[in-house]
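Structure file model-v5.cif (mmCIF, C-alpha atoms) is printed below.
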data_my_file
#
loop_
_atom_site.label_atom_id
_atom_site.label_comp_id
_atom_site.auth_asym_id
_atom_site.auth_seq_id
_atom_site.Cartn_x
_atom_site.Cartn_y
_atom_site.Cartn_z
CA MET A 1 41.69 259.73 301.30
CA THR A 2 38.72 261.58 299.89
CA LEU A 3 39.00 264.61 297.69
CA SER A 4 37.84 266.99 300.41
CA GLU A 5 40.39 265.57 302.86
CA LEU A 6 43.05 266.11 300.27
CA LEU A 7 42.02 269.69 299.59
CA ASN A 8 41.57 270.71 303.25
CA PRO A 9 45.26 271.60 303.72
CA LEU A 10 45.10 273.72 300.56
CA GLU A 11 42.28 275.79 301.99
CA GLY A 12 44.00 275.80 305.38
CA VAL A 13 47.30 277.14 304.07
CA PHE A 14 46.04 279.64 301.52
CA GLY A 15 42.74 280.66 303.12
CA SER A 16 41.12 283.48 301.25
CA LYS A 17 43.69 283.35 298.45
CA ILE A 18 41.64 280.56 296.95
CA TYR A 19 37.99 281.30 296.42
CA ASN A 20 34.99 280.49 294.22
CA LYS A 21 35.17 276.80 295.02
CA ALA A 22 33.05 274.84 292.54
CA GLU A 23 32.38 271.11 292.42
CA PHE A 24 31.21 269.38 289.29
CA HIS A 25 31.18 265.66 288.60
CA GLY A 26 33.53 265.10 291.51
CA GLU A 27 36.08 267.58 290.21
CA THR A 28 36.96 270.72 292.11
CA SER A 29 37.76 274.18 290.75
CA TYR A 30 39.23 277.19 292.55
CA SER A 31 39.83 280.74 291.44
CA ILE A 32 43.17 282.25 292.44
CA ALA A 33 44.99 285.53 291.91
CA ALA A 34 47.86 285.83 289.46
CA ASN A 35 50.34 286.77 292.22
CA ASP A 36 49.68 283.57 294.17
CA LEU A 37 49.96 281.23 291.19
CA ARG A 38 53.49 279.91 291.75
CA ASP A 39 53.08 279.38 295.51
CA ILE A 40 49.83 277.49 295.06
CA ALA A 41 51.18 275.53 292.10
CA ARG A 42 54.25 274.40 294.00
CA PHE A 43 52.14 273.46 297.04
CA CYS A 44 49.79 271.45 294.84
CA ARG A 45 52.64 269.56 293.26
CA ASP A 46 54.86 268.94 296.31
CA GLU A 47 52.39 268.61 299.19
CA LEU A 48 49.20 267.39 297.48
CA LEU A 49 51.01 265.32 294.82
CA PHE A 50 49.28 266.82 291.81
CA ASP A 51 52.15 265.62 289.68
CA TYR A 52 50.47 265.81 286.27
CA LEU A 53 49.51 269.06 284.55
CA VAL A 54 46.92 267.82 282.09
CA ASP A 55 46.38 271.06 280.19
CA VAL A 56 46.64 274.82 280.37
CA THR A 57 43.90 276.64 278.50
CA SER A 58 42.97 280.26 278.07
CA ILE A 59 39.62 281.99 277.62
CA ASP A 60 38.86 285.42 276.19
CA ASN A 61 35.89 286.99 278.00
CA PHE A 62 35.90 289.95 275.66
CA GLY A 63 34.19 293.02 277.13
CA GLU A 64 34.55 292.01 280.77
CA GLU A 65 36.76 293.70 283.32
CA HIS A 66 39.19 290.79 283.59
CA ARG A 67 39.37 289.97 279.94
CA PHE A 68 41.36 286.75 279.99
CA GLU A 69 41.18 283.62 282.06
CA ILE A 70 43.81 280.91 282.27
CA VAL A 71 42.78 277.47 283.52
CA TYR A 72 45.27 274.94 284.88
CA HIS A 73 43.95 271.38 284.78
CA LEU A 74 45.78 269.26 287.36
CA TYR A 75 45.68 265.54 288.02
CA SER A 76 47.18 263.55 290.85
CA MET A 77 48.46 260.14 289.83
CA PRO A 78 48.77 258.84 293.45
CA HIS A 79 45.29 260.05 294.50
CA ALA A 80 43.56 259.79 291.11
CA VAL A 81 41.75 263.13 291.49
CA HIS A 82 41.38 266.21 289.34
CA LEU A 83 41.85 269.84 290.38
CA ARG A 84 41.29 272.97 288.35
CA LEU A 85 42.87 276.36 289.09
CA LYS A 86 41.39 279.41 287.35
CA LEU A 87 43.30 282.63 286.95
CA LYS A 88 41.58 285.90 286.04
CA VAL A 89 43.91 288.05 283.96
CA PRO A 90 43.21 291.70 283.06
CA GLU A 91 44.03 292.79 279.54
CA ASP A 92 46.70 295.31 280.58
CA ILE A 93 48.74 292.83 282.63
CA GLU A 94 52.42 292.73 281.72
CA ALA A 95 52.86 289.00 282.06
CA VAL A 96 51.73 285.98 284.07
CA ASP A 97 54.27 283.91 285.99
CA THR A 98 55.32 280.73 284.25
CA VAL A 99 54.84 277.29 285.78
CA SER A 100 57.07 275.61 283.22
CA ASP A 101 59.77 275.01 285.85
CA ILE A 102 57.21 273.33 288.14
CA TRP A 103 55.57 271.19 285.42
CA PRO A 104 57.84 271.08 282.33
CA THR A 105 54.84 270.24 280.15
CA ALA A 106 53.59 273.81 280.67
CA ASN A 107 56.37 275.00 278.34
CA TRP A 108 54.46 274.31 275.12
CA HIS A 109 51.05 275.05 276.63
CA GLU A 110 52.20 278.53 277.61
CA ARG A 111 53.71 279.03 274.18
CA GLU A 112 50.34 278.15 272.67
CA ILE A 113 48.54 280.63 274.94
CA TYR A 114 51.06 283.30 273.97
CA ASP A 115 50.60 282.45 270.28
CA MET A 116 46.81 282.37 270.26
CA MET A 117 45.86 284.92 272.99
CA GLY A 118 48.93 287.13 273.31
CA ILE A 119 49.40 286.60 277.06
CA LYS A 120 53.09 286.68 278.01
CA PHE A 121 54.73 284.59 280.72
CA ASN A 122 57.44 285.74 283.15
CA GLY A 123 60.45 283.46 283.31
CA HIS A 124 59.46 281.22 280.41
CA PRO A 125 62.67 279.74 278.94
CA ASP A 126 61.60 279.91 275.27
CA LEU A 127 58.56 282.11 274.70
CA ARG A 128 58.16 281.89 270.93
CA ARG A 129 55.06 281.30 268.83
CA ILE A 130 54.32 277.59 268.47
CA LEU A 131 51.62 277.29 265.76
CA MET A 132 51.84 280.50 263.73
CA TRP A 133 55.19 281.71 262.45
CA ASP A 134 57.49 284.22 264.16
CA GLY A 135 56.42 287.65 262.99
CA TYR A 136 52.72 286.90 262.48
CA PRO A 137 51.17 290.13 263.76
CA PHE A 138 47.88 288.92 265.28
CA PHE A 139 46.58 286.72 268.09
CA PRO A 140 43.91 284.71 266.30
CA LEU A 141 41.91 283.19 269.18
CA ARG A 142 41.04 286.59 270.63
CA LYS A 143 37.37 287.39 270.26
CA ASP A 144 38.06 290.66 268.44
CA PHE A 145 39.99 288.79 265.74
CA PRO A 146 37.62 288.19 262.81
CA LEU A 147 36.76 284.62 261.86
CA GLU A 148 37.80 285.24 258.26
CA GLY A 149 41.26 286.38 259.35
CA LEU A 150 43.27 289.47 258.51
CA PRO A 151 45.74 289.98 255.69
CA SER A 152 49.43 289.85 256.53
CA GLU A 153 52.65 289.49 254.59
CA MET A 154 56.10 288.28 255.54
CA PRO A 155 58.24 287.97 252.40
CA ASP A 156 59.70 284.47 251.92
CA VAL A 157 58.06 283.20 255.14
CA ALA A 158 54.30 283.27 254.87
CA PHE A 159 51.32 285.39 253.98
CA THR A 160 47.65 285.36 254.94
CA LYS A 161 44.54 286.59 253.17
CA VAL A 162 40.96 287.26 254.17
CA THR A 163 38.88 284.13 253.71
CA PRO A 164 35.55 284.50 251.86
CA LEU A 165 32.76 283.38 254.15
CA GLU A 166 29.66 284.00 252.02
CA GLY A 167 27.67 280.80 251.70
CA GLY A 168 30.35 279.02 253.62
CA PRO A 169 29.21 275.52 254.41
CA PHE A 170 30.03 275.53 258.12
CA VAL A 171 29.49 279.14 259.20
CA THR A 172 26.55 279.75 261.47
CA VAL A 173 25.08 283.20 261.91
CA PRO A 174 25.58 284.67 265.40
CA SER A 175 22.08 285.50 266.60
CA THR A 176 19.47 284.38 269.08
CA ALA A 177 17.45 282.61 266.41
CA THR A 178 17.02 278.86 266.60
CA SER A 179 19.79 276.69 265.31
CA LYS A 180 17.59 275.76 262.37
CA ASP A 181 17.69 279.39 261.17
CA ARG A 182 21.33 279.93 262.02
CA GLU A 183 22.35 276.77 260.17
CA PRO A 184 23.78 277.88 256.83
CA ARG A 185 22.52 274.89 254.89
CA ALA A 186 19.01 276.24 255.52
CA ARG A 187 20.06 279.26 253.44
CA PRO A 188 21.51 277.87 250.22
CA PRO A 189 23.62 280.45 248.41
CA ALA A 190 22.04 281.96 245.26
CA LEU A 191 23.80 280.32 242.34
CA MET B 1 46.29 259.27 218.71
CA PRO B 2 49.20 257.96 216.65
CA GLU B 3 48.04 256.78 213.31
CA THR B 4 49.43 253.54 211.93
CA ARG B 5 49.11 252.29 208.39
CA ALA B 6 50.78 249.69 206.28
CA THR B 7 53.99 251.03 204.78
CA ALA B 8 56.56 249.08 202.98
CA TYR B 9 53.95 246.41 202.38
CA ASP B 10 55.22 242.88 202.24
CA SER B 11 58.80 243.88 202.98
CA LYS B 12 61.35 242.97 205.62
CA ILE B 13 60.55 246.00 207.79
CA GLU B 14 56.79 245.58 207.71
CA GLY B 15 55.44 245.84 211.26
CA ASN B 16 58.60 247.44 212.58
CA VAL B 17 57.99 250.99 211.36
CA ILE B 18 55.35 253.36 212.74
CA PHE B 19 54.72 256.83 211.40
CA THR B 20 53.37 259.33 213.89
CA ARG B 21 53.64 262.93 214.90
CA PHE B 22 56.60 263.78 217.14
CA ASP B 23 54.27 265.38 219.71
CA ALA B 24 52.13 262.26 219.84
CA ALA B 25 55.11 260.04 220.51
CA LEU B 26 56.60 262.42 223.09
CA ASN B 27 53.27 262.84 224.89
CA TRP B 28 52.68 259.09 224.84
CA VAL B 29 56.01 258.56 226.58
CA ARG B 30 55.38 261.30 229.10
CA LYS B 31 51.84 260.46 230.09
CA ASN B 32 52.59 256.81 230.78
CA SER B 33 55.48 257.54 233.09
CA LEU B 34 54.32 260.29 235.42
CA TRP B 35 56.46 260.31 238.52
CA PRO B 36 54.43 261.88 241.35
CA MET B 37 55.67 264.21 244.05
CA PRO B 38 53.47 263.05 246.96
CA MET B 39 52.72 266.36 248.68
CA GLY B 40 50.76 264.67 251.44
CA LEU B 41 49.53 267.26 253.94
CA ALA B 42 46.43 265.69 255.52
CA CYS B 43 44.06 262.73 255.33
CA CYS B 44 44.04 262.80 251.50
CA ALA B 45 47.57 261.45 251.76
CA ILE B 46 46.16 258.25 253.28
CA GLU B 47 44.01 257.75 250.17
CA LEU B 48 47.04 258.58 248.05
CA MET B 49 48.93 255.79 249.81
CA ALA B 50 46.00 253.45 249.25
CA ALA B 51 46.05 254.32 245.54
CA ALA B 52 49.72 253.36 245.45
CA ALA B 53 49.18 250.07 247.28
CA SER B 54 48.25 246.70 245.85
CA ARG B 55 44.44 246.98 245.85
CA PHE B 56 44.25 250.02 243.58
CA ASP B 57 47.79 249.91 242.17
CA ILE B 58 48.59 253.25 240.56
CA ALA B 59 51.40 251.38 238.75
CA ARG B 60 48.78 250.34 236.17
CA PHE B 61 48.96 253.94 234.97
CA GLY B 62 52.71 254.29 235.17
CA ALA B 63 52.68 256.62 238.16
CA GLU B 64 53.95 254.33 240.89
CA VAL B 65 57.36 255.93 241.31
CA MET B 66 56.68 258.30 244.22
CA ARG B 67 59.78 260.43 244.54
CA PHE B 68 60.57 262.39 247.67
CA SER B 69 62.94 264.63 245.78
CA PRO B 70 61.11 267.21 243.64
CA ARG B 71 64.01 267.12 241.16
CA GLN B 72 62.90 263.68 239.96
CA CYS B 73 59.17 264.37 239.70
CA ASP B 74 56.73 265.19 236.91
CA VAL B 75 53.45 265.72 238.73
CA MET B 76 52.86 267.19 242.16
CA ILE B 77 49.84 265.64 243.90
CA VAL B 78 48.81 268.21 246.53
CA ALA B 79 46.92 265.92 248.88
CA GLY B 80 45.54 267.78 251.84
CA THR B 81 45.05 271.06 253.65
CA VAL B 82 47.53 273.73 252.65
CA THR B 83 48.01 276.06 255.62
CA TYR B 84 49.48 279.49 255.13
CA LYS B 85 52.48 278.31 257.12
CA MET B 86 53.07 275.53 254.59
CA ALA B 87 52.03 277.42 251.44
CA LEU B 88 55.35 278.92 250.41
CA ALA B 89 57.14 275.65 251.18
CA VAL B 90 54.79 273.87 248.74
CA LYS B 91 55.52 276.55 246.15
CA ARG B 92 59.27 276.21 246.65
CA ILE B 93 59.07 272.44 246.19
CA TYR B 94 57.04 272.98 243.01
CA GLU B 95 59.66 275.39 241.71
CA GLN B 96 62.36 272.76 242.25
CA MET B 97 60.61 270.31 239.94
CA PRO B 98 62.02 270.19 236.40
CA GLU B 99 59.88 271.10 233.39
CA PRO B 100 57.57 269.79 232.10
CA LYS B 101 55.50 269.55 235.29
CA TRP B 102 51.88 269.25 236.26
CA VAL B 103 49.83 269.70 239.43
CA ILE B 104 46.89 267.68 240.72
CA ALA B 105 44.85 269.32 243.50
CA MET B 106 43.55 266.29 245.35
CA GLY B 107 40.47 266.81 247.50
CA ALA B 108 38.37 269.72 248.71
CA CYS B 109 41.07 271.36 250.83
CA ALA B 110 43.74 271.54 248.17
CA SER B 111 41.17 272.73 245.60
CA THR B 112 39.31 275.39 247.60
CA GLY B 113 40.29 275.27 251.25
CA GLY B 114 37.42 272.85 251.81
CA MET B 115 35.72 273.06 255.17
CA TYR B 116 38.53 275.20 256.55
CA ARG B 117 37.09 278.69 256.09
CA SER B 118 39.81 279.86 258.41
CA TYR B 119 42.47 282.49 259.04
CA ALA B 120 45.11 279.78 258.83
CA VAL B 121 44.31 277.90 255.61
CA LEU B 122 45.07 278.84 252.01
CA GLN B 123 41.78 278.80 250.08
CA GLY B 124 42.96 276.58 247.24
CA ILE B 125 46.48 275.80 246.04
CA ASP B 126 45.58 277.33 242.65
CA GLN B 127 46.32 280.70 244.25
CA LEU B 128 49.99 279.75 244.12
CA LEU B 129 50.42 276.98 241.53
CA PRO B 130 48.91 276.32 238.08
CA VAL B 131 46.61 273.38 238.77
CA ASP B 132 45.86 270.96 235.90
CA VAL B 133 43.34 268.63 237.50
CA TYR B 134 41.06 269.14 240.50
CA ILE B 135 39.69 266.07 242.28
CA SER B 136 36.55 266.46 244.38
CA GLY B 137 35.99 264.53 247.58
CA CYS B 138 36.82 264.77 251.25
CA PRO B 139 38.94 262.77 250.92
CA PRO B 140 38.54 261.38 247.38
CA ARG B 141 38.60 257.62 247.10
CA PRO B 142 41.61 256.08 245.34
CA GLU B 143 39.46 255.49 242.26
CA ALA B 144 38.87 259.24 242.07
CA LEU B 145 42.61 259.86 242.16
CA LEU B 146 43.09 257.33 239.38
CA ALA B 147 40.34 259.04 237.38
CA GLY B 148 42.08 262.36 237.92
CA LEU B 149 45.34 260.85 236.80
CA MET B 150 43.68 259.57 233.61
CA LYS B 151 42.24 263.06 233.01
CA LEU B 152 45.76 264.43 233.32
CA GLN B 153 46.99 261.81 230.86
CA GLU B 154 44.31 262.92 228.39
CA LYS B 155 45.37 266.50 228.88
CA ILE B 156 49.04 265.66 228.33
CA SER B 157 48.25 263.75 225.14
CA ARG B 158 46.69 266.91 223.68
CA GLU B 159 49.67 269.16 224.50
CA ARG B 160 51.85 270.70 221.78
CA SER B 161 54.96 269.59 223.58
CA PHE B 162 57.56 270.21 220.88
CA ARG B 163 56.38 273.76 220.20
CA ASN B 164 56.12 274.56 223.91
CA GLN B 165 59.54 273.24 224.69
CA LYS B 166 61.59 274.33 221.62
CA PRO B 167 59.81 277.38 220.18
CA GLU B 168 62.89 278.67 218.29
CA LEU B 169 63.58 275.33 216.65
CA ALA B 170 59.92 274.94 215.70
CA GLU B 171 60.00 278.37 214.09
CA LYS B 172 63.12 277.50 212.10
CA LEU B 173 61.53 274.29 210.90
CA ASP B 174 58.40 276.20 209.91
CA GLU B 175 60.51 278.58 207.85
CA ALA B 176 62.48 275.73 206.29
CA PHE B 177 59.33 273.92 205.21
CA ALA B 178 57.43 277.05 204.21
#
Just give me the structure of the file as structure tokens.
Amino acid sequence: MTLSELLNPLEGVFGSKIYNKAEFHGETSYSIAANDLRDIARFCRDELLFDYLVDVTSIDNFGEEHRFEIVYHLYSMPHAVHLRLKLKVPEDIEAVDTVSDIWPTANWHEREIYDMMGIKFNGHPDLRRILMWDGYPFFPLRKDFPLEGLPSEMPDVAFTKVTPLEGGPFVTVPSTATSKDREPRARPPAL
Amino acid sequence: MPETRATAYDSKIEGNVIFTRFDAALNWVRKNSLWPMPMGLACCAIELMAAAASRFDIARFGAEVMRFSPRQCDVMIVAGTVTYKMALAVKRIYEQMPEPKWVIAMGACASTGGMYRSYAVLQGIDQLLPVDVYISGCPPRPEALLAGLMKLQEKISRERSFRNQKPELAEKLDEAFA
């Protein structure tokens, strides 16, 4: 069974609910709406045998209308094919439906997205931070979070400070200049 | 260094008596039996393990007794990246170590944050603990750790241990001998 034969029923059942089909290196991506996520996810697992959720990642397209994007990377062990589902999420959305009951591995991936991007998930059994500590006030992978961090203080738990970045060895300057000029080692700090 | 000279020349106790300062003797004992607290937090801990193993053999310097209880340790070797999430735990472990105690910041991360100019990494453990010896490297080779340990031994041998530890008694003795 080829990949297109496998994906035909998906397009047949959901029609215009899946759009923006993109093929790259033999892997297929679709965009879907947040409301259809659970239906499509369950169909992919039960009917198309995408039994392995490789990863769930999130993107911050800061400044765009739909600020966030969540990408579900699926793999089918029986068919040995990849499928990617992309979910546009506006900033003011209350929460996205969880898929942790469909693929249990999504539990920690969704916790990471909540920790780093601040997107909540409906029906998640244990939506706590996973990398930062409970009570850390920021979502550090958002684009409006500064690279050097922000100060915070939780007595007896943890604190954070602003990191000095001047002359930092691995900090490139954001500009349209060539990488040679953005590379910090081309600008040795005045000693 | 302890000074030795011939006393009681040609007597039964010749060769069995050494005169030295109390501090020198105490420091000599301390510096040759430094029990490390292996605070291994990243790849520096691998080099720390290599320093303890047969090829480099940290036992040659009396520091082979890695203790995983801070209550039995003399020197904390902070080997690796100290994240903000871990920072207060490191400090608490340090506070559980009995006096006298020393700290070695092993590698770039423990010394300055290293390449992690980041919201999540403490920029040097010296913001929380009094560090005695910094070791450069990313990670430092075991020889560098041994060199750092020898630096710490030199530092210990110069300490005024008795006065630091028993200031009242030292004062009384000063008055008595004044």
Separation of atom CA of Ala41 of chain A from atom CA of Phe121 of chain A in Å: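 Rounded to one decimal, the two atoms are 15.0 Å apart.
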Result set, the PyMOL selection byres ((chain B) within 12 of (chain A)) on current file, as an NGL selection string: :B and (82-92 or 112-124 or 127-128)
Shortest interatomic distance to Glu65 of chain A - which of A:Ala80, A:Val89, A:Leu53, A:Leu48, counting all atoms listed in the file: A:Val89
From B:Ala176, B:Leu34, B:Ala50, B:Ile18, residue lying nearest Val103 of chain B [all atoms listed in the file]: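 Ranking B:Ala176, B:Leu34, B:Ala50, B:Ile18 by distance to Val103 of chain B, first place goes to B:Leu34.
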Option closest in space to Ser29 of chain A, from A:Val99, A:Val13, A:Val71, A:Leu85 [counting only C-alpha atoms]: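 Distance minimum relative to Ser29 of chain A lands on A:Leu85.
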Selection under test: the PyMOL selection byres ((chain B and resi 161) around 8); residues as a PyMOL selection string: chain B and resi 23+26-27+159-160+162-165
Selection as an MDAnalysis selection string: residues within 12 Å of (52.3, 282.7, 295.0), counting all atoms listed in the file: chainID A and resid 13:14 17:18 32:44 96:99
Matched chain/residue IDs from the PyMOL selection byres ((chain A and resi 94) around 9), as a PyMOL selection string: chain A and resi 91-93+95-96+119-122
Exercise: Met66 of chain B partners within 9 Å, only C-alpha atoms, chain neighbours under 3 positions left out, as a PyMOL selection string: chain B and resi 35-38+52+63+73
For segment 114-134 of chain A, supply N, CA, C and O atoms and format the output as a CSV table (one decimal), in the frame of the given file.
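The resulting file, result05.csv, is shown below:
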chain,number,residue,atom,x,y,z
A,114,TYR,N,50.4,282.1,274.5
A,114,TYR,CA,51.1,283.3,274.0
A,114,TYR,C,50.8,283.5,272.5
A,114,TYR,O,50.4,284.6,272.0
A,115,ASP,N,50.8,282.4,271.7
A,115,ASP,CA,50.6,282.4,270.3
A,115,ASP,C,49.2,282.8,270.0
A,115,ASP,O,48.9,283.7,269.1
A,116,MET,N,48.2,282.2,270.6
A,116,MET,CA,46.8,282.4,270.3
A,116,MET,C,46.1,283.6,271.0
A,116,MET,O,45.2,284.2,270.4
A,117,MET,N,46.5,283.9,272.2
A,117,MET,CA,45.9,284.9,273.0
A,117,MET,C,46.7,286.1,273.2
A,117,MET,O,46.2,287.2,273.6
A,118,GLY,N,48.0,286.0,273.1
A,118,GLY,CA,48.9,287.1,273.3
A,118,GLY,C,49.2,287.4,274.8
A,118,GLY,O,49.6,288.5,275.1
A,119,ILE,N,49.0,286.4,275.7
A,119,ILE,CA,49.4,286.6,277.1
A,119,ILE,C,50.9,286.2,277.2
A,119,ILE,O,51.2,285.1,276.9
A,120,LYS,N,51.7,287.0,277.8
A,120,LYS,CA,53.1,286.7,278.0
A,120,LYS,C,53.3,286.0,279.4
A,120,LYS,O,52.5,286.1,280.3
A,121,PHE,N,54.4,285.3,279.5
A,121,PHE,CA,54.7,284.6,280.7
A,121,PHE,C,56.1,285.0,281.2
A,121,PHE,O,57.1,284.9,280.5
A,122,ASN,N,56.2,285.4,282.5
A,122,ASN,CA,57.4,285.7,283.2
A,122,ASN,C,58.3,284.5,283.3
A,122,ASN,O,57.7,283.5,283.8
A,123,GLY,N,59.5,284.6,283.0
A,123,GLY,CA,60.4,283.5,283.3
A,123,GLY,C,60.3,282.2,282.4
A,123,GLY,O,60.9,281.2,282.7
A,124,HIS,N,59.5,282.4,281.3
A,124,HIS,CA,59.5,281.2,280.4
A,124,HIS,C,60.8,281.1,279.7
A,124,HIS,O,61.3,282.1,279.2
A,125,PRO,N,61.3,279.9,279.5
A,125,PRO,CA,62.7,279.7,278.9
A,125,PRO,C,62.7,280.0,277.4
A,125,PRO,O,63.8,280.2,276.9
A,126,ASP,N,61.6,279.9,276.7
A,126,ASP,CA,61.6,279.9,275.3
A,126,ASP,C,60.2,280.4,274.7
A,126,ASP,O,59.5,279.6,274.1
A,127,LEU,N,59.9,281.6,275.0
A,127,LEU,CA,58.6,282.1,274.7
A,127,LEU,C,58.5,282.6,273.3
A,127,LEU,O,58.6,283.8,273.0
A,128,ARG,N,58.4,281.6,272.3
A,128,ARG,CA,58.2,281.9,270.9
A,128,ARG,C,56.8,281.4,270.5
A,128,ARG,O,56.2,280.6,271.3
A,129,ARG,N,56.3,281.9,269.4
A,129,ARG,CA,55.1,281.3,268.8
A,129,ARG,C,55.3,279.8,268.5
A,129,ARG,O,56.4,279.4,268.2
A,130,ILE,N,54.2,279.0,268.7
A,130,ILE,CA,54.3,277.6,268.5
A,130,ILE,C,53.5,277.1,267.3
A,130,ILE,O,54.0,276.1,266.6
A,131,LEU,N,52.4,277.7,266.9
A,131,LEU,CA,51.6,277.3,265.8
A,131,LEU,C,51.8,278.2,264.6
A,131,LEU,O,52.1,277.8,263.5
A,132,MET,N,51.6,279.5,264.8
A,132,MET,CA,51.8,280.5,263.7
A,132,MET,C,53.3,280.8,263.7
A,132,MET,O,54.1,280.4,264.6
A,133,TRP,N,53.8,281.5,262.6
A,133,TRP,CA,55.2,281.7,262.4
A,133,TRP,C,55.6,283.0,263.2
A,133,TRP,O,54.8,283.9,263.5
A,134,ASP,N,56.9,283.0,263.5
A,134,ASP,CA,57.5,284.2,264.2
A,134,ASP,C,57.3,285.4,263.2
A,134,ASP,O,57.6,285.4,262.1
